[in-house]
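Shown here: upload-v6.pdb, PDB, C-alpha atoms, pLDDT in the B column.
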```pdb
ATOM      1  CA  MET A   1     251.611  87.130-195.109  1.00 35.00           C
ATOM      2  CA  ILE A   2     248.379  85.740-196.495  1.00 42.00           C
ATOM      3  CA  ASN A   3     247.392  82.250-195.413  1.00 42.00           C
ATOM      4  CA  SER A   4     244.852  79.882-196.917  1.00 45.00           C
ATOM      5  CA  GLY A   5     241.664  81.173-195.315  1.00 63.00           C
ATOM      6  CA  ASN A   6     242.502  80.307-191.733  1.00 83.00           C
ATOM      7  CA  PRO A   7     242.271  83.487-189.686  1.00 90.00           C
ATOM      8  CA  ASP A   8     245.192  84.654-187.575  1.00 91.00           C
ATOM      9  CA  TYR A   9     242.743  86.002-184.984  1.00 93.00           C
ATOM     10  CA  THR A  10     239.035  85.581-184.298  1.00 93.00           C
ATOM     11  CA  VAL A  11     236.866  88.136-182.504  1.00 93.00           C
ATOM     12  CA  ASN A  12     234.288  86.228-180.448  1.00 93.00           C
ATOM     13  CA  LEU A  13     231.039  87.615-179.060  1.00 90.00           C
ATOM     14  CA  GLN A  14     229.252  84.920-177.105  1.00 87.00           C
ATOM     15  CA  ALA A  15     226.112  84.835-175.001  1.00 82.00           C
ATOM     16  CA  CYS A  16     226.776  83.316-171.569  1.00 81.00           C
ATOM     17  CA  ASP A  17     223.989  82.212-169.249  1.00 75.00           C
ATOM     18  CA  ASP A  18     225.557  81.580-165.851  1.00 70.00           C
ATOM     19  CA  ALA A  19     223.566  81.535-162.606  1.00 66.00           C
ATOM     20  CA  LYS A  20     220.361  82.653-164.353  1.00 67.00           C
ATOM     21  CA  THR A  21     222.041  85.853-165.604  1.00 73.00           C
ATOM     22  CA  LEU A  22     222.491  86.546-169.280  1.00 76.00           C
ATOM     23  CA  TYR A  23     225.676  88.392-170.182  1.00 83.00           C
ATOM     24  CA  TYR A  24     227.891  88.748-173.219  1.00 87.00           C
ATOM     25  CA  LYS A  25     231.587  87.951-173.453  1.00 91.00           C
ATOM     26  CA  VAL A  26     233.764  89.575-176.106  1.00 94.00           C
ATOM     27  CA  SER A  27     237.274  88.230-176.623  1.00 95.00           C
ATOM     28  CA  VAL A  28     239.925  87.700-179.283  1.00 94.00           C
ATOM     29  CA  SER A  29     241.508  84.301-179.783  1.00 93.00           C
ATOM     30  CA  ASP A  30     244.559  83.332-181.818  1.00 91.00           C
ATOM     31  CA  GLN A  31     244.947  80.330-184.156  1.00 89.00           C
ATOM     32  CA  GLN A  32     245.498  78.002-181.194  1.00 89.00           C
ATOM     33  CA  GLY A  33     242.288  79.227-179.515  1.00 86.00           C
ATOM     34  CA  ASP A  34     244.103  81.091-176.731  1.00 90.00           C
ATOM     35  CA  ILE A  35     242.616  84.388-175.531  1.00 90.00           C
ATOM     36  CA  VAL A  36     244.759  87.409-176.448  1.00 91.00           C
ATOM     37  CA  LYS A  37     245.546  89.635-173.452  1.00 91.00           C
ATOM     38  CA  GLY A  38     243.989  93.094-173.569  1.00 88.00           C
ATOM     39  CA  PHE A  39     241.145  91.967-175.844  1.00 92.00           C
ATOM     40  CA  SER A  40     238.404  90.878-173.454  1.00 92.00           C
ATOM     41  CA  HIS A  41     235.199  92.496-172.192  1.00 93.00           C
ATOM     42  CA  LEU A  42     232.121  91.309-170.240  1.00 91.00           C
ATOM     43  CA  THR A  43     228.794  93.141-170.250  1.00 88.00           C
ATOM     44  CA  GLU A  44     225.068  92.568-169.769  1.00 83.00           C
ATOM     45  CA  ASN A  45     224.250  94.851-172.716  1.00 82.00           C
ATOM     46  CA  TYR A  46     224.280  93.238-176.168  1.00 81.00           C
ATOM     47  CA  ASN A  47     224.781  96.502-178.071  1.00 79.00           C
ATOM     48  CA  GLU A  48     227.774  97.386-175.871  1.00 86.00           C
ATOM     49  CA  ALA A  49     229.277  93.944-176.517  1.00 88.00           C
ATOM     50  CA  LEU A  50     228.710  94.375-180.247  1.00 86.00           C
ATOM     51  CA  ILE A  51     230.499  97.733-180.177  1.00 86.00           C
ATOM     52  CA  TYR A  52     233.506  96.213-178.357  1.00 90.00           C
ATOM     53  CA  ALA A  53     233.620  93.318-180.833  1.00 91.00           C
ATOM     54  CA  ASN A  54     233.547  95.753-183.748  1.00 89.00           C
ATOM     55  CA  VAL A  55     236.303  97.908-182.188  1.00 90.00           C
ATOM     56  CA  PHE A  56     238.480  94.834-181.552  1.00 92.00           C
ATOM     57  CA  TYR A  57     237.904  93.724-185.151  1.00 91.00           C
ATOM     58  CA  ASP A  58     238.806  97.161-186.561  1.00 90.00           C
ATOM     59  CA  GLU A  59     241.933  97.337-184.376  1.00 90.00           C
ATOM     60  CA  LEU A  60     243.199  93.955-185.591  1.00 91.00           C
ATOM     61  CA  SER A  61     242.238  94.387-189.239  1.00 89.00           C
ATOM     62  CA  ARG A  62     244.467  97.471-189.557  1.00 88.00           C
ATOM     63  CA  SER A  63     247.465  95.114-189.619  1.00 85.00           C
ATOM     64  CA  ASN A  64     248.266  92.816-192.512  1.00 82.00           C
ATOM     65  CA  ILE A  65     246.612  89.787-190.867  1.00 89.00           C
ATOM     66  CA  ILE A  66     243.464  87.782-191.511  1.00 90.00           C
ATOM     67  CA  VAL A  67     240.754  88.425-188.933  1.00 91.00           C
ATOM     68  CA  ALA A  68     237.492  86.551-188.518  1.00 91.00           C
ATOM     69  CA  SER A  69     234.511  87.293-186.329  1.00 90.00           C
ATOM     70  CA  TYR A  70     232.102  84.967-184.562  1.00 89.00           C
ATOM     71  CA  VAL A  71     229.013  86.768-183.277  1.00 86.00           C
ATOM     72  CA  GLU A  72     226.059  85.197-181.466  1.00 82.00           C
ATOM     73  CA  GLN A  73     222.821  87.093-181.841  1.00 74.00           C
ATOM     74  CA  PRO A  74     220.623  87.353-178.749  1.00 66.00           C
ATOM     75  CA  GLY A  75     217.928  84.754-179.196  1.00 58.00           C
ATOM     76  CA  THR A  76     216.010  81.845-177.803  1.00 46.00           C
ATOM     77  CA  LEU A  77     218.832  79.392-177.166  1.00 48.00           C
ATOM     78  CA  ALA A  78     222.574  79.863-176.725  1.00 47.00           C
ATOM     79  CA  GLY A  79     224.423  79.298-179.961  1.00 48.00           C
ATOM     80  CA  GLN A  80     221.471  80.075-182.215  1.00 54.00           C
ATOM     81  CA  GLY A  81     221.810  82.908-184.663  1.00 62.00           C
ATOM     82  CA  ALA A  82     225.608  82.729-184.693  1.00 73.00           C
ATOM     83  CA  LEU A  83     227.347  84.403-187.626  1.00 81.00           C
ATOM     84  CA  TYR A  84     230.925  83.667-188.690  1.00 84.00           C
ATOM     85  CA  ALA A  85     232.856  85.679-191.259  1.00 85.00           C
ATOM     86  CA  ILE A  86     236.500  85.810-192.352  1.00 86.00           C
ATOM     87  CA  GLY A  87     237.793  89.111-193.656  1.00 85.00           C
ATOM     88  CA  SER A  88     234.737  91.151-192.661  1.00 83.00           C
ATOM     89  CA  PHE A  89     232.776  91.813-189.510  1.00 84.00           C
ATOM     90  CA  ALA A  90     229.906  89.327-189.158  1.00 80.00           C
ATOM     91  CA  VAL A  91     227.102  91.791-188.341  1.00 75.00           C
ATOM     92  CA  SER A  92     226.296  95.437-188.344  1.00 62.00           C
ATOM     93  CA  SER A  93     225.180  97.131-185.157  1.00 54.00           C
ATOM     94  CA  SER A  94     221.801  96.177-183.773  1.00 55.00           C
ATOM     95  CA  ASP A  95     219.079  98.759-183.472  1.00 61.00           C
ATOM     96  CA  ASP A  96     216.364  98.914-180.827  1.00 70.00           C
ATOM     97  CA  SER A  97     213.776  97.463-183.164  1.00 75.00           C
ATOM     98  CA  SER A  98     215.752  94.268-183.786  1.00 74.00           C
ATOM     99  CA  PHE A  99     216.407  93.914-180.040  1.00 77.00           C
ATOM    100  CA  TYR A 100     212.685  94.007-179.223  1.00 83.00           C
ATOM    101  CA  ASN A 101     211.945  91.736-182.184  1.00 83.00           C
ATOM    102  CA  SER A 102     214.358  89.142-180.767  1.00 81.00           C
ATOM    103  CA  LEU A 103     212.779  89.459-177.309  1.00 84.00           C
ATOM    104  CA  SER A 104     209.352  88.951-178.876  1.00 87.00           C
ATOM    105  CA  GLU A 105     210.610  85.892-180.771  1.00 85.00           C
ATOM    106  CA  GLU A 106     211.983  84.490-177.512  1.00 85.00           C
ATOM    107  CA  PHE A 107     208.635  85.144-175.800  1.00 89.00           C
ATOM    108  CA  LEU A 108     206.648  83.393-178.547  1.00 89.00           C
ATOM    109  CA  GLU A 109     209.113  80.490-178.695  1.00 87.00           C
ATOM    110  CA  ARG A 110     208.836  79.897-174.945  1.00 85.00           C
ATOM    111  CA  CYS A 111     205.039  79.984-175.231  1.00 88.00           C
ATOM    112  CA  ARG A 112     205.137  77.381-178.011  1.00 87.00           C
ATOM    113  CA  ARG A 113     207.472  75.050-176.084  1.00 87.00           C
ATOM    114  CA  GLU A 114     205.319  74.794-172.961  1.00 85.00           C
ATOM    115  CA  ILE A 115     202.128  72.724-172.792  1.00 86.00           C
ATOM    116  CA  ASN A 116     200.147  75.226-170.688  1.00 88.00           C
ATOM    117  CA  PRO A 117     202.244  78.380-170.786  1.00 85.00           C
ATOM    118  CA  ASP A 118     201.815  81.001-168.091  1.00 87.00           C
ATOM    119  CA  VAL A 119     202.455  84.024-170.290  1.00 85.00           C
ATOM    120  CA  ASN A 120     202.878  86.378-167.332  1.00 87.00           C
ATOM    121  CA  LEU A 121     205.561  84.125-165.847  1.00 89.00           C
ATOM    122  CA  ILE A 122     207.304  83.855-169.229  1.00 88.00           C
ATOM    123  CA  PHE A 123     207.236  87.652-169.577  1.00 89.00           C
ATOM    124  CA  ARG A 124     208.769  88.064-166.083  1.00 88.00           C
ATOM    125  CA  LYS A 125     211.485  85.493-166.831  1.00 86.00           C
ATOM    126  CA  ILE A 126     212.478  87.301-170.020  1.00 85.00           C
ATOM    127  CA  THR A 127     212.526  90.752-168.387  1.00 84.00           C
ATOM    128  CA  THR A 128     214.587  89.400-165.479  1.00 81.00           C
ATOM    129  CA  ARG A 129     216.950  87.404-167.691  1.00 77.00           C
ATOM    130  CA  HIS A 130     217.687  90.382-169.945  1.00 76.00           C
ATOM    131  CA  LYS A 131     217.676  92.835-167.010  1.00 73.00           C
ATOM    132  CA  LEU A 132     215.156  95.186-168.575  1.00 77.00           C
ATOM    133  CA  ASN A 133     214.486  98.379-166.649  1.00 78.00           C
ATOM    134  CA  LEU A 134     210.939  99.820-166.510  1.00 84.00           C
ATOM    135  CA  TYR A 135     211.417 101.829-169.710  1.00 83.00           C
ATOM    136  CA  LYS A 136     212.689  98.847-171.693  1.00 82.00           C
ATOM    137  CA  GLU A 137     210.011  96.640-170.157  1.00 86.00           C
ATOM    138  CA  SER A 138     207.293  99.046-171.347  1.00 87.00           C
ATOM    139  CA  ARG A 139     208.827  99.086-174.852  1.00 87.00           C
ATOM    140  CA  PHE A 140     208.824  95.283-174.832  1.00 88.00           C
ATOM    141  CA  LEU A 141     205.151  95.334-173.802  1.00 89.00           C
ATOM    142  CA  LYS A 142     204.342  97.748-176.636  1.00 88.00           C
ATOM    143  CA  LYS A 143     206.136  95.472-179.108  1.00 89.00           C
ATOM    144  CA  LEU A 144     204.084  92.494-177.909  1.00 90.00           C
ATOM    145  CA  GLN A 145     200.944  94.614-178.287  1.00 88.00           C
ATOM    146  CA  GLN A 146     201.894  95.483-181.874  1.00 87.00           C
ATOM    147  CA  LEU A 147     202.203  91.752-182.584  1.00 86.00           C
ATOM    148  CA  GLY A 148     198.697  91.168-181.208  1.00 84.00           C
ATOM    149  CA  VAL A 149     199.864  89.179-178.194  1.00 80.00           C
ATOM    150  CA  LEU A 150     198.764  91.922-175.788  1.00 71.00           C
ATOM    151  CA  GLU A 151     195.483  93.656-175.256  1.00 74.00           C
ATOM    152  CA  SER A 152     195.028  97.011-173.540  1.00 65.00           C
ATOM    153  CA  SER A 153     192.020  97.921-171.414  1.00 57.00           C
ATOM    154  CA  GLU A 154     190.075 101.009-172.443  1.00 56.00           C
ATOM    155  CA  GLY A 155     190.795 104.072-170.330  1.00 50.00           C
ATOM    156  CA  ASP A 156     193.630 102.227-168.659  1.00 47.00           C
ATOM    157  CA  ASN A 157     197.337 102.314-169.347  1.00 53.00           C
ATOM    158  CA  GLU A 158     197.797  98.737-168.189  1.00 50.00           C
ATOM    159  CA  TYR A 159     198.447  95.899-170.597  1.00 50.00           C
ATOM    160  CA  TRP A 160     197.213  92.348-170.195  1.00 51.00           C
ATOM    161  CA  ILE A 161     198.899  89.403-171.782  1.00 53.00           C
ATOM    162  CA  GLU A 162     196.641  87.097-173.771  1.00 48.00           C
ATOM    163  CA  ASP A 163     197.237  83.392-174.175  1.00 47.00           C
ATOM    164  CA  VAL A 164     198.893  82.685-177.505  1.00 44.00           C
TER     165      VAL A 164
END
```

As structure tokens, how would this structure be written, given the file I've shared?
Amino acid sequence: MINSGNPDYTVNLQACDDAKTLYYKVSVSDQQGDIVKGFSHLTENYNEALIYANVFYDELSRSNIIVASYVEQPGTLAGQGALYAIGSFAVSSSDDSSFYNSLSEEFLERCRREINPDVNLIFRKITTRHKLNLYKESRFLKKLQQLGVLESSEGDNEYWIEDV
């Protein structure tokens, strides 16, 4: 049965920011907005959430029903970068480069919003909020250095954050 563009089910991937912790919620809702049992997943990893959303979408689209997807991209504010598509999955999988680009955009946006930004504090907030381990933190630092926001000392492997 084909209906007039209203999806039978919607795969939702939403960024949730509860108690200073960023996590992602993947769920499937029906036409009434009720969550479908067996189609729900919570994670702190965006790529994992994206994979679950894509799997849920593929599972539902095998039937003769209309499926939509609503995907929030990780970004500066909740709800920004949301993509909605009926009949196709809203986004393709995110690579590491786009993840660090979005972190860098968040860093620069926070610096622009504050009058006298403490860039070290902003960096710490972002690494804590996104739960970056030391490896991911160093990759984030390297990305900021590539953008010219960071400066490295000669003969030293430490990075210093410059005011933007």

Legend entry - Given the PyMOL selection byres ((chain A and resi 125-129) around 9), the residues it picks as JSON, numbers by chain: {"A": [17, 20, 21, 22, 103, 106, 107, 120, 121, 122, 123, 124, 130, 131, 132, 133, 136, 137, 140]}

Legend entry - Contacts of Lys25 in chain A within 7 Å, only C-alpha atoms, excl. fewer than 2 positions in-chain, as a PyMOL selection string: chain A and resi 13-16+23+27+41-43

The selected residues should be written to file as a CSV table (one decimal), keeping the file's coordinate frame (atoms: C-alpha atoms).
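What landed in out-v7.csv:
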```csv
chain,number,residue,atom,x,y,z
A,13,LEU,CA,231.0,87.6,-179.1
A,14,GLN,CA,229.3,84.9,-177.1
A,15,ALA,CA,226.1,84.8,-175.0
A,16,CYS,CA,226.8,83.3,-171.6
A,23,TYR,CA,225.7,88.4,-170.2
A,27,SER,CA,237.3,88.2,-176.6
A,41,HIS,CA,235.2,92.5,-172.2
A,42,LEU,CA,232.1,91.3,-170.2
A,43,THR,CA,228.8,93.1,-170.2
```

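Distance annotation: of A:Asp30, A:Glu72, A:Glu109, A:Glu114, the residue with the minimal separation from Leu60 in chain A is A:Asp30; atom set is all atoms listed in the file.
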
Inset, instruction - Check which residues satisfy the PyMOL selection byres ((chain A and resi 86) around 8) in the file shown, then give them as an NGL selection string. - result: :A and (5 or 7 or 66-69 or 84-85 or 87-89)

Inset, instruction - Determine the nearest neighbour of Tyr70 in chain A from the options A:Asn116, A:Ser138, A:Ser97, A:Asn12, counting all atoms listed in the file. - result: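 Smallest separation from Tyr70 in chain A among the options: A:Asn12.
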
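CA of Lys143 in chain A to CA of Cys111 in chain A spans 16.0 Å [interatomic distance, one decimal].
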
Legend entry - Distance in Å - CA of Asn6 in chain A versus CA of Ser29 in chain A: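 Here the two named atoms are 12.6 Å from each other.
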
Inset, instruction - Tell me which of A:Gln32, A:Lys37, A:Ser104, A:Leu134 sits closest to Gly148 in chain A, counting only C-alpha atoms. - result: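 The shortest atom-to-atom distance to Gly148 in chain A comes from A:Ser104.
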
Inset, instruction - Can you work out the spacing between CA of Lys142 in chain A and CA of Gln73 in chain A in Å, to one decimal? - result: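 Between these atoms lies a distance of 22.0 Å.
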
Inset, instruction - May I ask which of the residues A:Gln146, A:Gln31, A:Ser98, A:Ser40 is the closest one to Val55 in chain A, counting only C-alpha atoms? - result: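 So, comparing all the options, the nearest one is A:Ser40.
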